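These notes are about the structure you will find just below.
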Amino acid sequence: MVRFIAMLVGAAFTFVLALALWGTISTAITDPAPESAEHVFHLHPKDAELSSAGFFGKFDDRQVQRGFQVFKEVCAACHSLKYVAFRDLAEIGYSEREIKAVAGQWVIEQPSVNPDTGEAATRKNVASDRFPSPFANEVAARAANNNALPPDLSLIAKARHDGANYVYSLIGPDGYRPQPAALVKEFPGAKTPPGLHYNPYFANLNIAMPPPLTADGQVTYTDGTRATRDQMAKDVSAFLTWTAEPKLESRHGAGFAAVIFIVIFCFLAWGAYQNVWRDVKH
């Protein structure tokens with residue numbers, strides 16, 4: 001009797017769920033939600049064509065170094081890089097002497113405590129330090145950025161869909177643009193509010209960050225590469241790809257080795273099968 005009642009309750013519960021699912025599906029078909037401005041005008045990121053993309057991708061150290069220069073001279077004024085230490089720059093080709101120079105000359109110093117007075121103080125960065133935040137805390141960051149909180153960029157290329165291409169498209173020459181008249185005409189309520197900037201690669205089309213790359217030659221590359229807005233956007237996206245996944249090359253190498261091993265193992269298994277069953281009639 002108890003089992004019958006349990007089956008009856010389960011059947012009733014299943015019926016109610018099926019009825020609710022059917023109602024949801026039929027409503028979605030007969031009365032679909034109206035399209036939003038984000039759905040119509042949002043653009044998918046363009047391909048940055050980075051050397052790190054693809055199964056056999058590898059970092060171009062010169063490009064990553066140029067991207068670090070763009071971050072240092074443009075992005076570091078607002079964005080932190082809290083999961084990366086100065087000494088990690090050795091992985092992209094910087095020498096120990098260069099790393100010490102970068103750390104010692106970094107504009108933002110490390111928070112510390114005065115040993116004599118016990119009061120808050122700062123000290124010069126050393127190679128083992130992580131990149132310091134440009135703001136003391138979230139309140140200070142919002143106060144300096146019209147109540148918008150600049151995200152940490154350490155993992156931004158992994159935190160966003162198609163991250164490297166997203167960064168490249170967002171801050172590249174095609175990112176920031178005047179809001180299309182067709183958008184305002186079709187969606188009057190979607191007009192970009194004061195203090196925000198229209199960018200079709202951003203999720204809701206309106207971003208608080210002003211255009212970071214405003215002109216060619218904004219950065220003077222030490223290797224002589226012409227610093228166009230497109231080049232700078234591509235280089236900094238390469239750098240942020242490295243900060244998000246510094247072991248990318250070793251991961252690709254391990255994956256390739258695993259595929260080769262599986263292929264060889266399959267041939268060995270097939271050969272063993274043939275050898276074991278060679279005298280057995282099928």
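Chain identifiers are assigned as A, B, and so on, following the order in which chains appear in the structure tokens; residues are numbered from 1 within each chain, and ligands are numbered from 1 in order of appearance.
Every protein or nucleic acid residue with an atom no more than 7 Å from Val64 (chain A), counting only C-alpha atoms and leaving out same-chain residues fewer than 5 positions away, appears here: Ile92, Asp235, Ala238 and Phe239 of chain A.
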Which residues come within 8 Å of Pro210 (chain A), counting only C-alpha atoms, excluding same-chain residues fewer than 3 positions away, as a list in words? Leu196, His197 and Ile207 of chain A
Just the residues within 12 Å of region 146-152 of chain A, please, counting only C-alpha atoms, with nothing from its chain fewer than 3 positions along; format it as a count of residues only. 38
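With CA of Gly255 (chain A) on one side and CA of Ser51 (chain A) on the other, the separation reads 17.4 Å.
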List every residue of region 41-198 of chain A that DSSP, applied to the backbone, labels as helix (DSSP H, G or I), and write the result as a PyMOL selection string. chain A and resi 41+61-73+75-77+86-92+96-105+138-144+156-159+163-171+181-186+188-190
Mind checking DSSP for region 11-232 of chain A and telling me the strand (DSSP E) residues as JSON, numbers by chain? {"A": [110, 111, 112, 113, 120, 121, 122, 123, 197, 198, 206, 207]}
Hey, can you spit out that residue selection with C-alpha atoms as an mmCIF file, in the first residue's frame?
```
data_model
loop_
_atom_site.group_PDB
_atom_site.id
_atom_site.type_symbol
_atom_site.label_atom_id
_atom_site.label_comp_id
_atom_site.auth_asym_id
_atom_site.auth_seq_id
_atom_site.Cartn_x
_atom_site.Cartn_y
_atom_site.Cartn_z
ATOM 1 C CA GLN A 110 53.713 48.118 -2.157
ATOM 2 C CA PRO A 111 51.629 48.883 0.948
ATOM 3 C CA SER A 112 53.680 48.440 4.091
ATOM 4 C CA VAL A 113 53.989 49.544 7.713
ATOM 5 C CA ALA A 120 50.706 52.733 7.100
ATOM 6 C CA ALA A 121 53.442 53.350 4.567
ATOM 7 C CA THR A 122 54.700 52.110 1.211
ATOM 8 C CA ARG A 123 57.935 50.600 -0.050
ATOM 9 C CA HIS A 197 30.413 54.751 -23.842
ATOM 10 C CA TYR A 198 28.865 52.728 -26.638
ATOM 11 C CA ASN A 206 27.373 50.535 -22.803
ATOM 12 C CA ILE A 207 30.656 50.471 -20.911
#
```
Would you mind listing what lies within 10 Å of region 44-47 of chain A as a VMD selection string, with only C-alpha atoms counted and same-chain residues fewer than 2 positions away left out? chain A and resid 41 to 42 49 to 50 53 161 to 170 172 174 to 175 200 to 203 234
Restricting the output to C-alpha atoms, write the selected residues as a PDB file, in the first residue's frame.
```pdb
ATOM      1  CA  PHE A  41      23.378  45.112 -32.027  1.00  0.00           C
ATOM      2  CA  HIS A  42      25.865  43.093 -29.977  1.00  0.00           C
ATOM      3  CA  GLU A  49      45.053  36.103 -34.964  1.00  0.00           C
ATOM      4  CA  LEU A  50      47.401  35.586 -32.019  1.00  0.00           C
ATOM      5  CA  ALA A  53      45.651  30.456 -30.612  1.00  0.00           C
ATOM      6  CA  HIS A 161      34.057  34.173 -23.543  1.00  0.00           C
ATOM      7  CA  ASP A 162      36.619  34.074 -26.366  1.00  0.00           C
ATOM      8  CA  GLY A 163      38.756  36.172 -24.032  1.00  0.00           C
ATOM      9  CA  ALA A 164      41.749  37.182 -26.157  1.00  0.00           C
ATOM     10  CA  ASN A 165      39.561  38.125 -29.109  1.00  0.00           C
ATOM     11  CA  TYR A 166      37.134  39.882 -26.759  1.00  0.00           C
ATOM     12  CA  VAL A 167      39.874  42.097 -25.306  1.00  0.00           C
ATOM     13  CA  TYR A 168      41.247  42.859 -28.769  1.00  0.00           C
ATOM     14  CA  SER A 169      37.823  43.768 -30.179  1.00  0.00           C
ATOM     15  CA  LEU A 170      36.696  45.735 -27.134  1.00  0.00           C
ATOM     16  CA  GLY A 172      40.640  48.033 -30.662  1.00  0.00           C
ATOM     17  CA  ASP A 174      36.462  49.174 -34.045  1.00  0.00           C
ATOM     18  CA  GLY A 175      35.316  48.937 -30.427  1.00  0.00           C
ATOM     19  CA  PRO A 200      29.077  46.794 -29.538  1.00  0.00           C
ATOM     20  CA  TYR A 201      31.479  44.157 -28.182  1.00  0.00           C
ATOM     21  CA  PHE A 202      30.463  44.822 -24.553  1.00  0.00           C
ATOM     22  CA  ALA A 203      27.669  42.662 -23.163  1.00  0.00           C
ATOM     23  CA  LYS A 234      46.443  42.997 -30.327  1.00  0.00           C
TER      24      LYS A 234
END
```
Could you give me, as a ChimeraX atom specification, the residues within 7 Å of Asp216 (chain A), counting only C-alpha atoms and dropping anything in the same chain fewer than 4 positions from it? /A:227-229
Could the residues in this selection be saved with N, CA and C atoms as a compact mmCIF listing (two decimals), in the first residue's frame?
```
# COMPACT_ATOMS: atom_id res chain seq x y z
N ALA A 227 53.29 51.52 -33.44
CA ALA A 227 52.24 51.34 -32.43
C ALA A 227 50.92 51.93 -32.92
N THR A 228 50.26 51.23 -33.84
CA THR A 228 48.91 51.62 -34.23
C THR A 228 47.93 51.17 -33.16
N ARG A 229 46.75 51.70 -33.19
CA ARG A 229 45.74 51.29 -32.21
C ARG A 229 45.44 49.80 -32.34
```
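Of the residues listed (A:Met232, A:Ser128, A:Val40, A:Phe55), A:Phe55 shows the shortest atom-to-atom separation from Gly253 (chain A); distances use only C-alpha atoms.
Once Thr222 (chain A) and its same-chain neighbours fewer than 5 positions away are set aside, A:Gln65, A:Arg66, A:Gln69 remain within 10 Å of it when counting only C-alpha atoms.
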